[in-house]
$ cat my_file14.cif   # mmCIF, C-alpha atoms; chains and numbers go by the auth columns
data_data
#
loop_
_atom_site.group_PDB
_atom_site.id
_atom_site.type_symbol
_atom_site.label_atom_id
_atom_site.label_comp_id
_atom_site.label_asym_id
_atom_site.label_seq_id
_atom_site.Cartn_x
_atom_site.Cartn_y
_atom_site.Cartn_z
_atom_site.B_iso_or_equiv
_atom_site.auth_seq_id
_atom_site.auth_asym_id
ATOM 1 C CA MET A 1 0.000 0.000 0.000 0.00 1 A
ATOM 2 C CA THR A 2 1.175 3.523 -0.739 0.00 2 A
ATOM 3 C CA GLN A 3 0.965 6.730 1.238 0.00 3 A
ATOM 4 C CA SER A 4 -2.725 6.926 0.264 0.00 4 A
ATOM 5 C CA ALA A 5 -3.339 4.360 3.004 0.00 5 A
ATOM 6 C CA ALA A 6 -1.831 6.597 5.672 0.00 6 A
ATOM 7 C CA GLY A 7 -5.228 7.042 7.274 0.00 7 A
ATOM 8 C CA LEU A 8 -5.477 3.314 7.968 0.00 8 A
ATOM 9 C CA LYS A 9 -4.731 1.735 11.290 0.00 9 A
ATOM 10 C CA LEU A 10 -3.970 -1.930 11.898 0.00 10 A
ATOM 11 C CA ASP A 11 -5.998 -3.467 14.678 0.00 11 A
ATOM 12 C CA PRO A 12 -4.002 -5.758 16.985 0.00 12 A
ATOM 13 C CA PHE A 13 -6.567 -8.548 16.886 0.00 13 A
ATOM 14 C CA LYS A 14 -7.484 -11.199 14.359 0.00 14 A
ATOM 15 C CA VAL A 15 -10.734 -11.296 12.409 0.00 15 A
ATOM 16 C CA ALA A 16 -12.711 -14.477 12.993 0.00 16 A
ATOM 17 C CA CYS A 17 -14.690 -15.174 9.810 0.00 17 A
ATOM 18 C CA SER A 18 -16.289 -18.152 11.545 0.00 18 A
ATOM 19 C CA SER A 19 -18.027 -15.837 14.021 0.00 19 A
ATOM 20 C CA CYS A 20 -18.615 -12.837 11.712 0.00 20 A
ATOM 21 C CA ASN A 21 -22.285 -12.067 11.215 0.00 21 A
ATOM 22 C CA LEU A 22 -21.514 -10.745 7.717 0.00 22 A
ATOM 23 C CA ARG A 23 -19.877 -13.880 6.365 0.00 23 A
ATOM 24 C CA GLU A 24 -23.025 -14.994 4.541 0.00 24 A
ATOM 25 C CA LEU A 25 -22.946 -11.734 2.586 0.00 25 A
ATOM 26 C CA CYS A 26 -19.330 -11.751 1.423 0.00 26 A
ATOM 27 C CA LEU A 27 -18.212 -15.388 1.861 0.00 27 A
ATOM 28 C CA PRO A 28 -19.849 -18.762 1.197 0.00 28 A
ATOM 29 C CA VAL A 29 -21.886 -20.628 3.763 0.00 29 A
ATOM 30 C CA GLY A 30 -21.520 -24.342 4.258 0.00 30 A
ATOM 31 C CA MET A 31 -17.748 -24.333 4.722 0.00 31 A
ATOM 32 C CA SER A 32 -16.350 -26.851 7.198 0.00 32 A
ATOM 33 C CA ASN A 33 -14.694 -25.758 10.421 0.00 33 A
ATOM 34 C CA ASP A 34 -11.269 -26.591 8.953 0.00 34 A
ATOM 35 C CA GLN A 35 -12.022 -24.455 5.891 0.00 35 A
ATOM 36 C CA LEU A 36 -13.210 -21.574 8.053 0.00 36 A
ATOM 37 C CA ASP A 37 -10.043 -21.863 10.149 0.00 37 A
ATOM 38 C CA GLN A 38 -7.974 -21.421 6.982 0.00 38 A
ATOM 39 C CA LEU A 39 -10.141 -18.469 6.009 0.00 39 A
ATOM 40 C CA ASP A 40 -9.602 -16.945 9.464 0.00 40 A
ATOM 41 C CA THR A 41 -5.849 -17.266 8.965 0.00 41 A
ATOM 42 C CA MET A 42 -6.033 -15.543 5.591 0.00 42 A
ATOM 43 C CA VAL A 43 -8.189 -12.636 6.777 0.00 43 A
ATOM 44 C CA ALA A 44 -5.779 -11.767 9.548 0.00 44 A
ATOM 45 C CA THR A 45 -6.237 -8.007 9.889 0.00 45 A
ATOM 46 C CA ARG A 46 -8.864 -5.334 10.097 0.00 46 A
ATOM 47 C CA ARG A 47 -8.204 -1.756 9.119 0.00 47 A
ATOM 48 C CA THR A 48 -10.079 1.300 10.227 0.00 48 A
ATOM 49 C CA VAL A 49 -10.522 4.198 7.836 0.00 49 A
ATOM 50 C CA ALA A 50 -11.604 7.565 9.200 0.00 50 A
ATOM 51 C CA ARG A 51 -14.317 9.550 7.460 0.00 51 A
ATOM 52 C CA GLY A 52 -12.838 11.312 4.438 0.00 52 A
ATOM 53 C CA ASP A 53 -9.698 9.154 4.336 0.00 53 A
ATOM 54 C CA THR A 54 -8.740 6.945 1.399 0.00 54 A
ATOM 55 C CA LEU A 55 -8.474 3.157 1.528 0.00 55 A
ATOM 56 C CA PHE A 56 -6.653 3.075 -1.814 0.00 56 A
ATOM 57 C CA ARG A 57 -6.103 5.405 -4.764 0.00 57 A
ATOM 58 C CA ALA A 58 -6.055 4.954 -8.524 0.00 58 A
ATOM 59 C CA GLY A 59 -2.577 3.786 -9.513 0.00 59 A
ATOM 60 C CA ASP A 60 -1.834 2.036 -6.210 0.00 60 A
ATOM 61 C CA ALA A 61 -0.496 -1.506 -6.542 0.00 61 A
ATOM 62 C CA PHE A 62 -3.257 -4.091 -6.175 0.00 62 A
ATOM 63 C CA GLN A 63 -2.546 -6.489 -3.329 0.00 63 A
ATOM 64 C CA SER A 64 -5.762 -7.145 -1.430 0.00 64 A
ATOM 65 C CA LEU A 65 -9.520 -7.110 -1.543 0.00 65 A
ATOM 66 C CA TYR A 66 -11.405 -5.436 1.293 0.00 66 A
ATOM 67 C CA ALA A 67 -14.658 -6.616 2.838 0.00 67 A
ATOM 68 C CA VAL A 68 -16.511 -3.702 4.387 0.00 68 A
ATOM 69 C CA ARG A 69 -17.264 -4.690 7.971 0.00 69 A
ATOM 70 C CA THR A 70 -18.761 -1.417 9.179 0.00 70 A
ATOM 71 C CA GLY A 71 -19.282 1.950 7.559 0.00 71 A
ATOM 72 C CA PHE A 72 -19.777 3.218 4.024 0.00 72 A
ATOM 73 C CA PHE A 73 -17.484 4.003 1.068 0.00 73 A
ATOM 74 C CA LYS A 74 -17.636 5.665 -2.320 0.00 74 A
ATOM 75 C CA THR A 75 -15.459 4.827 -5.295 0.00 75 A
ATOM 76 C CA CYS A 76 -14.580 7.571 -7.755 0.00 76 A
ATOM 77 C CA VAL A 77 -12.326 8.372 -10.681 0.00 77 A
ATOM 78 C CA SER A 78 -10.885 11.726 -11.742 0.00 78 A
ATOM 79 C CA SER A 79 -11.903 13.059 -15.139 0.00 79 A
ATOM 80 C CA GLU A 80 -9.528 14.898 -17.458 0.00 80 A
ATOM 81 C CA ASP A 81 -10.780 18.271 -16.227 0.00 81 A
ATOM 82 C CA GLY A 82 -9.969 17.302 -12.628 0.00 82 A
ATOM 83 C CA ARG A 83 -13.500 16.597 -11.425 0.00 83 A
ATOM 84 C CA ASP A 84 -14.309 13.460 -9.444 0.00 84 A
ATOM 85 C CA GLN A 85 -16.848 11.078 -10.965 0.00 85 A
ATOM 86 C CA VAL A 86 -18.501 8.795 -8.396 0.00 86 A
ATOM 87 C CA THR A 87 -18.644 5.238 -9.722 0.00 87 A
ATOM 88 C CA GLY A 88 -20.250 3.432 -6.789 0.00 88 A
ATOM 89 C CA PHE A 89 -21.197 3.241 -3.123 0.00 89 A
ATOM 90 C CA GLN A 90 -20.286 0.260 -0.922 0.00 90 A
ATOM 91 C CA MET A 91 -21.703 -0.725 2.454 0.00 91 A
ATOM 92 C CA ALA A 92 -21.145 -3.423 5.084 0.00 92 A
ATOM 93 C CA GLY A 93 -20.929 -6.904 3.592 0.00 93 A
ATOM 94 C CA GLU A 94 -19.673 -5.712 0.197 0.00 94 A
ATOM 95 C CA LEU A 95 -16.213 -5.960 -1.364 0.00 95 A
ATOM 96 C CA LEU A 96 -13.839 -3.221 -2.457 0.00 96 A
ATOM 97 C CA GLY A 97 -10.800 -3.575 -4.681 0.00 97 A
ATOM 98 C CA LEU A 98 -12.097 -5.774 -7.502 0.00 98 A
ATOM 99 C CA ASP A 99 -11.090 -3.016 -9.949 0.00 99 A
ATOM 100 C CA GLY A 100 -7.413 -3.900 -9.500 0.00 100 A
ATOM 101 C CA ILE A 101 -7.516 -7.553 -10.526 0.00 101 A
ATOM 102 C CA GLY A 102 -7.093 -7.053 -14.264 0.00 102 A
ATOM 103 C CA THR A 103 -4.084 -4.715 -14.288 0.00 103 A
ATOM 104 C CA ASP A 104 -2.561 -5.252 -10.821 0.00 104 A
ATOM 105 C CA LYS A 105 -3.263 -1.575 -10.134 0.00 105 A
ATOM 106 C CA HIS A 106 -6.329 0.109 -8.701 0.00 106 A
ATOM 107 C CA THR A 107 -8.263 2.171 -11.223 0.00 107 A
ATOM 108 C CA CYS A 108 -10.283 4.264 -8.774 0.00 108 A
ATOM 109 C CA ASP A 109 -10.139 5.899 -5.341 0.00 109 A
ATOM 110 C CA ALA A 110 -12.034 4.353 -2.414 0.00 110 A
ATOM 111 C CA VAL A 111 -13.005 7.004 0.151 0.00 111 A
ATOM 112 C CA ALA A 112 -14.748 6.440 3.496 0.00 112 A
ATOM 113 C CA LEU A 113 -18.012 8.385 3.814 0.00 113 A
ATOM 114 C CA GLU A 114 -18.055 7.693 7.562 0.00 114 A
ATOM 115 C CA ASP A 115 -15.688 6.068 10.060 0.00 115 A
ATOM 116 C CA SER A 116 -15.394 2.551 8.671 0.00 116 A
ATOM 117 C CA GLN A 117 -13.664 -0.770 9.148 0.00 117 A
ATOM 118 C CA VAL A 118 -12.621 -3.328 6.546 0.00 118 A
ATOM 119 C CA CYS A 119 -11.294 -6.874 6.606 0.00 119 A
ATOM 120 C CA VAL A 120 -8.135 -7.220 4.490 0.00 120 A
ATOM 121 C CA ILE A 121 -8.119 -10.251 2.158 0.00 121 A
ATOM 122 C CA PRO A 122 -4.702 -10.768 0.489 0.00 122 A
ATOM 123 C CA TYR A 123 -5.560 -11.625 -3.105 0.00 123 A
ATOM 124 C CA HIS A 124 -2.826 -14.189 -3.781 0.00 124 A
ATOM 125 C CA GLN A 125 -3.946 -16.152 -0.712 0.00 125 A
ATOM 126 C CA LEU A 126 -7.578 -15.908 -1.830 0.00 126 A
ATOM 127 C CA GLU A 127 -6.592 -17.361 -5.207 0.00 127 A
ATOM 128 C CA ASP A 128 -4.761 -20.250 -3.545 0.00 128 A
ATOM 129 C CA LEU A 129 -7.656 -20.994 -1.198 0.00 129 A
ATOM 130 C CA SER A 130 -10.203 -20.693 -4.023 0.00 130 A
ATOM 131 C CA ARG A 131 -8.403 -23.379 -5.998 0.00 131 A
ATOM 132 C CA GLU A 132 -8.646 -25.660 -2.980 0.00 132 A
ATOM 133 C CA PHE A 133 -12.273 -24.944 -2.069 0.00 133 A
ATOM 134 C CA SER A 134 -14.729 -24.844 -4.966 0.00 134 A
ATOM 135 C CA ASP A 135 -17.422 -23.182 -2.808 0.00 135 A
ATOM 136 C CA LEU A 136 -15.172 -20.190 -2.223 0.00 136 A
ATOM 137 C CA GLN A 137 -14.262 -19.952 -5.906 0.00 137 A
ATOM 138 C CA ARG A 138 -17.923 -20.160 -6.903 0.00 138 A
ATOM 139 C CA GLN A 139 -18.896 -17.406 -4.464 0.00 139 A
ATOM 140 C CA PHE A 140 -16.071 -15.179 -5.679 0.00 140 A
ATOM 141 C CA HIS A 141 -17.266 -15.587 -9.263 0.00 141 A
ATOM 142 C CA LYS A 142 -20.794 -14.674 -8.136 0.00 142 A
ATOM 143 C CA ILE A 143 -19.469 -11.511 -6.499 0.00 143 A
ATOM 144 C CA MET A 144 -17.633 -10.502 -9.677 0.00 144 A
ATOM 145 C CA SER A 145 -20.717 -11.238 -11.770 0.00 145 A
ATOM 146 C CA ARG A 146 -22.826 -9.093 -9.449 0.00 146 A
ATOM 147 C CA GLU A 147 -20.428 -6.194 -9.939 0.00 147 A
ATOM 148 C CA ILE A 148 -20.717 -6.542 -13.720 0.00 148 A
ATOM 149 C CA VAL A 149 -24.511 -6.558 -13.503 0.00 149 A
ATOM 150 C CA ARG A 150 -24.416 -3.473 -11.279 0.00 150 A
ATOM 151 C CA ASP A 151 -22.217 -1.681 -13.818 0.00 151 A
ATOM 152 C CA HIS A 152 -24.746 -2.524 -16.538 0.00 152 A
ATOM 153 C CA GLY A 153 -27.495 -1.115 -14.340 0.00 153 A
ATOM 154 C CA VAL A 154 -25.614 2.160 -13.966 0.00 154 A
ATOM 155 C CA MET A 155 -25.154 2.384 -17.742 0.00 155 A
ATOM 156 C CA LEU A 156 -28.907 1.920 -18.137 0.00 156 A
ATOM 157 C CA LEU A 157 -29.530 4.675 -15.595 0.00 157 A
ATOM 158 C CA LEU A 158 -27.241 7.109 -17.376 0.00 158 A
ATOM 159 C CA GLY A 159 -28.334 6.211 -20.874 0.00 159 A
ATOM 160 C CA SER A 160 -32.095 6.034 -20.901 0.00 160 A
ATOM 161 C CA MET A 161 -33.779 7.223 -17.697 0.00 161 A
ATOM 162 C CA ARG A 162 -35.179 10.602 -16.749 0.00 162 A
ATOM 163 C CA ALA A 163 -34.010 12.272 -13.525 0.00 163 A
ATOM 164 C CA GLU A 164 -36.975 10.990 -11.485 0.00 164 A
ATOM 165 C CA GLU A 165 -36.429 7.455 -12.751 0.00 165 A
ATOM 166 C CA ARG A 166 -32.710 7.585 -11.966 0.00 166 A
ATOM 167 C CA LEU A 167 -33.233 8.725 -8.375 0.00 167 A
ATOM 168 C CA ALA A 168 -36.058 6.232 -7.830 0.00 168 A
ATOM 169 C CA ALA A 169 -33.887 3.364 -9.107 0.00 169 A
ATOM 170 C CA PHE A 170 -31.004 4.509 -6.909 0.00 170 A
ATOM 171 C CA LEU A 171 -33.195 4.593 -3.777 0.00 171 A
ATOM 172 C CA LEU A 172 -34.774 1.218 -4.543 0.00 172 A
ATOM 173 C CA ASN A 173 -31.334 -0.352 -5.012 0.00 173 A
ATOM 174 C CA LEU A 174 -30.095 1.185 -1.775 0.00 174 A
ATOM 175 C CA THR A 175 -33.093 0.022 0.269 0.00 175 A
ATOM 176 C CA GLN A 176 -32.876 -3.488 -1.176 0.00 176 A
ATOM 177 C CA ARG A 177 -29.208 -3.757 -0.197 0.00 177 A
ATOM 178 C CA LEU A 178 -29.995 -2.453 3.293 0.00 178 A
ATOM 179 C CA ARG A 179 -32.823 -4.969 3.660 0.00 179 A
ATOM 180 C CA THR A 180 -30.420 -7.789 2.761 0.00 180 A
ATOM 181 C CA ARG A 181 -28.230 -6.664 5.660 0.00 181 A
ATOM 182 C CA GLY A 182 -31.080 -6.671 8.163 0.00 182 A
ATOM 183 C CA PHE A 183 -31.760 -2.925 8.179 0.00 183 A
ATOM 184 C CA SER A 184 -35.021 -1.141 7.573 0.00 184 A
ATOM 185 C CA ALA A 185 -35.965 -0.856 3.912 0.00 185 A
ATOM 186 C CA SER A 186 -38.156 2.184 4.518 0.00 186 A
ATOM 187 C CA SER A 187 -36.039 4.402 6.794 0.00 187 A
ATOM 188 C CA LEU A 188 -32.442 5.233 5.987 0.00 188 A
ATOM 189 C CA VAL A 189 -29.775 7.849 6.520 0.00 189 A
ATOM 190 C CA LEU A 190 -27.948 8.781 3.335 0.00 190 A
ATOM 191 C CA ARG A 191 -24.195 8.616 3.926 0.00 191 A
ATOM 192 C CA MET A 192 -23.478 10.422 0.674 0.00 192 A
ATOM 193 C CA THR A 193 -24.214 14.061 -0.207 0.00 193 A
ATOM 194 C CA ARG A 194 -26.717 15.204 -2.832 0.00 194 A
ATOM 195 C CA GLU A 195 -23.741 16.233 -4.948 0.00 195 A
ATOM 196 C CA GLU A 196 -22.233 12.723 -4.749 0.00 196 A
ATOM 197 C CA ILE A 197 -25.591 11.194 -5.700 0.00 197 A
ATOM 198 C CA GLY A 198 -25.733 13.559 -8.666 0.00 198 A
ATOM 199 C CA SER A 199 -22.225 12.601 -9.759 0.00 199 A
ATOM 200 C CA TYR A 200 -23.146 8.908 -9.629 0.00 200 A
ATOM 201 C CA LEU A 201 -26.436 9.375 -11.488 0.00 201 A
ATOM 202 C CA GLY A 202 -25.197 11.907 -14.014 0.00 202 A
ATOM 203 C CA LEU A 203 -27.403 14.691 -12.623 0.00 203 A
ATOM 204 C CA LYS A 204 -26.706 18.231 -11.472 0.00 204 A
ATOM 205 C CA LEU A 205 -26.921 18.983 -7.761 0.00 205 A
ATOM 206 C CA GLU A 206 -29.965 21.218 -8.212 0.00 206 A
ATOM 207 C CA THR A 207 -31.731 18.477 -10.181 0.00 207 A
ATOM 208 C CA VAL A 208 -31.160 15.952 -7.378 0.00 208 A
ATOM 209 C CA SER A 209 -32.437 18.432 -4.759 0.00 209 A
ATOM 210 C CA ARG A 210 -35.452 19.336 -6.884 0.00 210 A
ATOM 211 C CA THR A 211 -36.326 15.671 -7.467 0.00 211 A
ATOM 212 C CA PHE A 212 -36.123 14.880 -3.740 0.00 212 A
ATOM 213 C CA SER A 213 -38.479 17.818 -3.114 0.00 213 A
ATOM 214 C CA LYS A 214 -40.891 16.556 -5.770 0.00 214 A
ATOM 215 C CA PHE A 215 -40.909 13.069 -4.261 0.00 215 A
ATOM 216 C CA GLN A 216 -41.749 14.623 -0.905 0.00 216 A
ATOM 217 C CA ASP A 217 -44.503 16.813 -2.393 0.00 217 A
ATOM 218 C CA ASP A 218 -45.951 13.739 -4.123 0.00 218 A
ATOM 219 C CA GLY A 219 -46.025 11.779 -0.842 0.00 219 A
ATOM 220 C CA ILE A 220 -43.442 9.256 -1.987 0.00 220 A
ATOM 221 C CA LEU A 221 -40.743 10.214 0.511 0.00 221 A
ATOM 222 C CA GLU A 222 -40.389 12.048 3.783 0.00 222 A
ATOM 223 C CA VAL A 223 -37.108 13.974 3.584 0.00 223 A
ATOM 224 C CA LYS A 224 -35.327 15.552 6.549 0.00 224 A
ATOM 225 C CA GLN A 225 -31.854 16.497 5.310 0.00 225 A
ATOM 226 C CA ARG A 226 -30.106 13.112 4.982 0.00 226 A
ATOM 227 C CA GLN A 227 -32.843 11.158 6.756 0.00 227 A
ATOM 228 C CA ILE A 228 -35.174 9.523 4.246 0.00 228 A
ATOM 229 C CA ARG A 229 -38.381 7.603 4.878 0.00 229 A
ATOM 230 C CA VAL A 230 -40.030 5.784 1.987 0.00 230 A
ATOM 231 C CA LEU A 231 -43.780 6.359 2.222 0.00 231 A
ATOM 232 C CA ASN A 232 -44.828 4.785 -1.077 0.00 232 A
ATOM 233 C CA GLN A 233 -42.599 1.967 -2.296 0.00 233 A
ATOM 234 C CA ASP A 234 -45.005 1.108 -5.125 0.00 234 A
ATOM 235 C CA ALA A 235 -44.762 4.645 -6.492 0.00 235 A
ATOM 236 C CA LEU A 236 -40.963 4.429 -6.584 0.00 236 A
ATOM 237 C CA GLN A 237 -41.166 1.066 -8.332 0.00 237 A
ATOM 238 C CA GLY A 238 -43.747 2.451 -10.751 0.00 238 A
ATOM 239 C CA LEU A 239 -41.361 5.211 -11.763 0.00 239 A
ATOM 240 C CA VAL A 240 -38.613 2.708 -12.528 0.00 240 A
ATOM 241 C CA ASN A 241 -41.047 0.563 -14.506 0.00 241 A
ATOM 242 C CA GLY A 242 -42.022 3.600 -16.566 0.00 242 A
ATOM 243 C CA ASN A 243 -45.460 3.891 -15.006 0.00 243 A
ATOM 244 C CA PRO A 244 -46.912 7.138 -13.639 0.00 244 A
ATOM 245 C CA CYS A 245 -47.058 7.453 -9.865 0.00 245 A
#
$ encode --input "my_file14.cif" --output "structure tokens"
Amino acid sequence: MTQSAAGLKLDPFKVACSSCNLRELCLPVGMSNDQLDQLDTMVATRRTVARGDTLFRAGDAFQSLYAVRTGFFKTCVSSEDGRDQVTGFQMAGELLGLDGIGTDKHTCDAVALEDSQVCVIPYHQLEDLSREFSDLQRQFHKIMSREIVRDHGVMLLLGSMRAEERLAAFLLNLTQRLRTRGFSASSLVLRMTREEIGSYLGLKLETVSRTFSKFQDDGILEVKQRQIRVLNQDALQGLVNGNPC
């Protein structure tokens, strides 16, 4: 890791995948105790990343994947004119660092949107263990496939949807991911700013703010700064399906 990881701290204790309540989200179930012991040995460190600090930067050497244990991240790339383009948001139970596999260098920045903690998974050890345990290899392929599908979804958002449809799809995706992790699907606190949402969705800040206001006026959402409550899930889904609210 380069100086971009200066905000990281190594915790002096070992991660126990066998007792982690997120393992079903980022690692396969059904592994034997011996297999889980080997996984515990591989995932030997946690790192904490303070809000605003960078886990890795574009151009850093790729060495590890990172499972988000707590907190929230954004990934972004810098455009030629120096602006940051948000490419994704990652929450607990999701992986960071897959962008570096192809070229052995990271292609984006990963920035903590709140104080966060990740489990460090050395990639060469993951490869070795995956060859030994087909369940782990299969799950890793599923994770990579899910990232590809998510990228396709973003391209669809940016290419064919109106502003209201883009924001509705974004909120539905976010609530579904939160529900998978045992959180409420109707009440959430946005960890990202309106500007970051706009960057991700290809919308101007004022358009994002105006669309949130419209959703509130239409009785779809209750909006209190970053606190969001979904009042009409069907209306959000109807927007994404191209139906009027």
$ resolve_selection --input "my_file14.cif" --expression "the PyMOL selection byres ((chain A and resi 201) around 8)" --output "MDAnalysis selection string"
chainID A and resid 154 157:158 166:167 197:200 202:203
$ resolve_selection --input "my_file14.cif" --expression "the PyMOL selection byres ((chain A and resi 85-90) around 9)" --output "NGL selection string"
:A and (68 or 71-79 or 83-84 or 91-96 or 108 or 151 or 154 or 192 or 196-202)
$ closest_residue --input "my_file14.cif" --among "A:Ala50, A:Ala61, A:Val120, A:Met161" --to "Lys105 in chain A" --atoms "all atoms listed in the file"
A:Ala61
$ closest_residue --input "my_file14.cif" --among "A:Val240, A:Glu195, A:Glu165, A:Phe170" --to "Arg150 in chain A" --atoms "all atoms listed in the file"
A:Phe170
$ closest_residue --input "my_file14.cif" --among "A:Ser64, A:Gln237, A:Lys224, A:Thr103" --to "Leu171 in chain A" --atoms "all atoms listed in the file"
A:Gln237
$ atom_distance --input "my_file14.cif" --atom1 "CA of Arg146 in chain A" --atom2 "CA of Leu236 in chain A"
22.8 Å
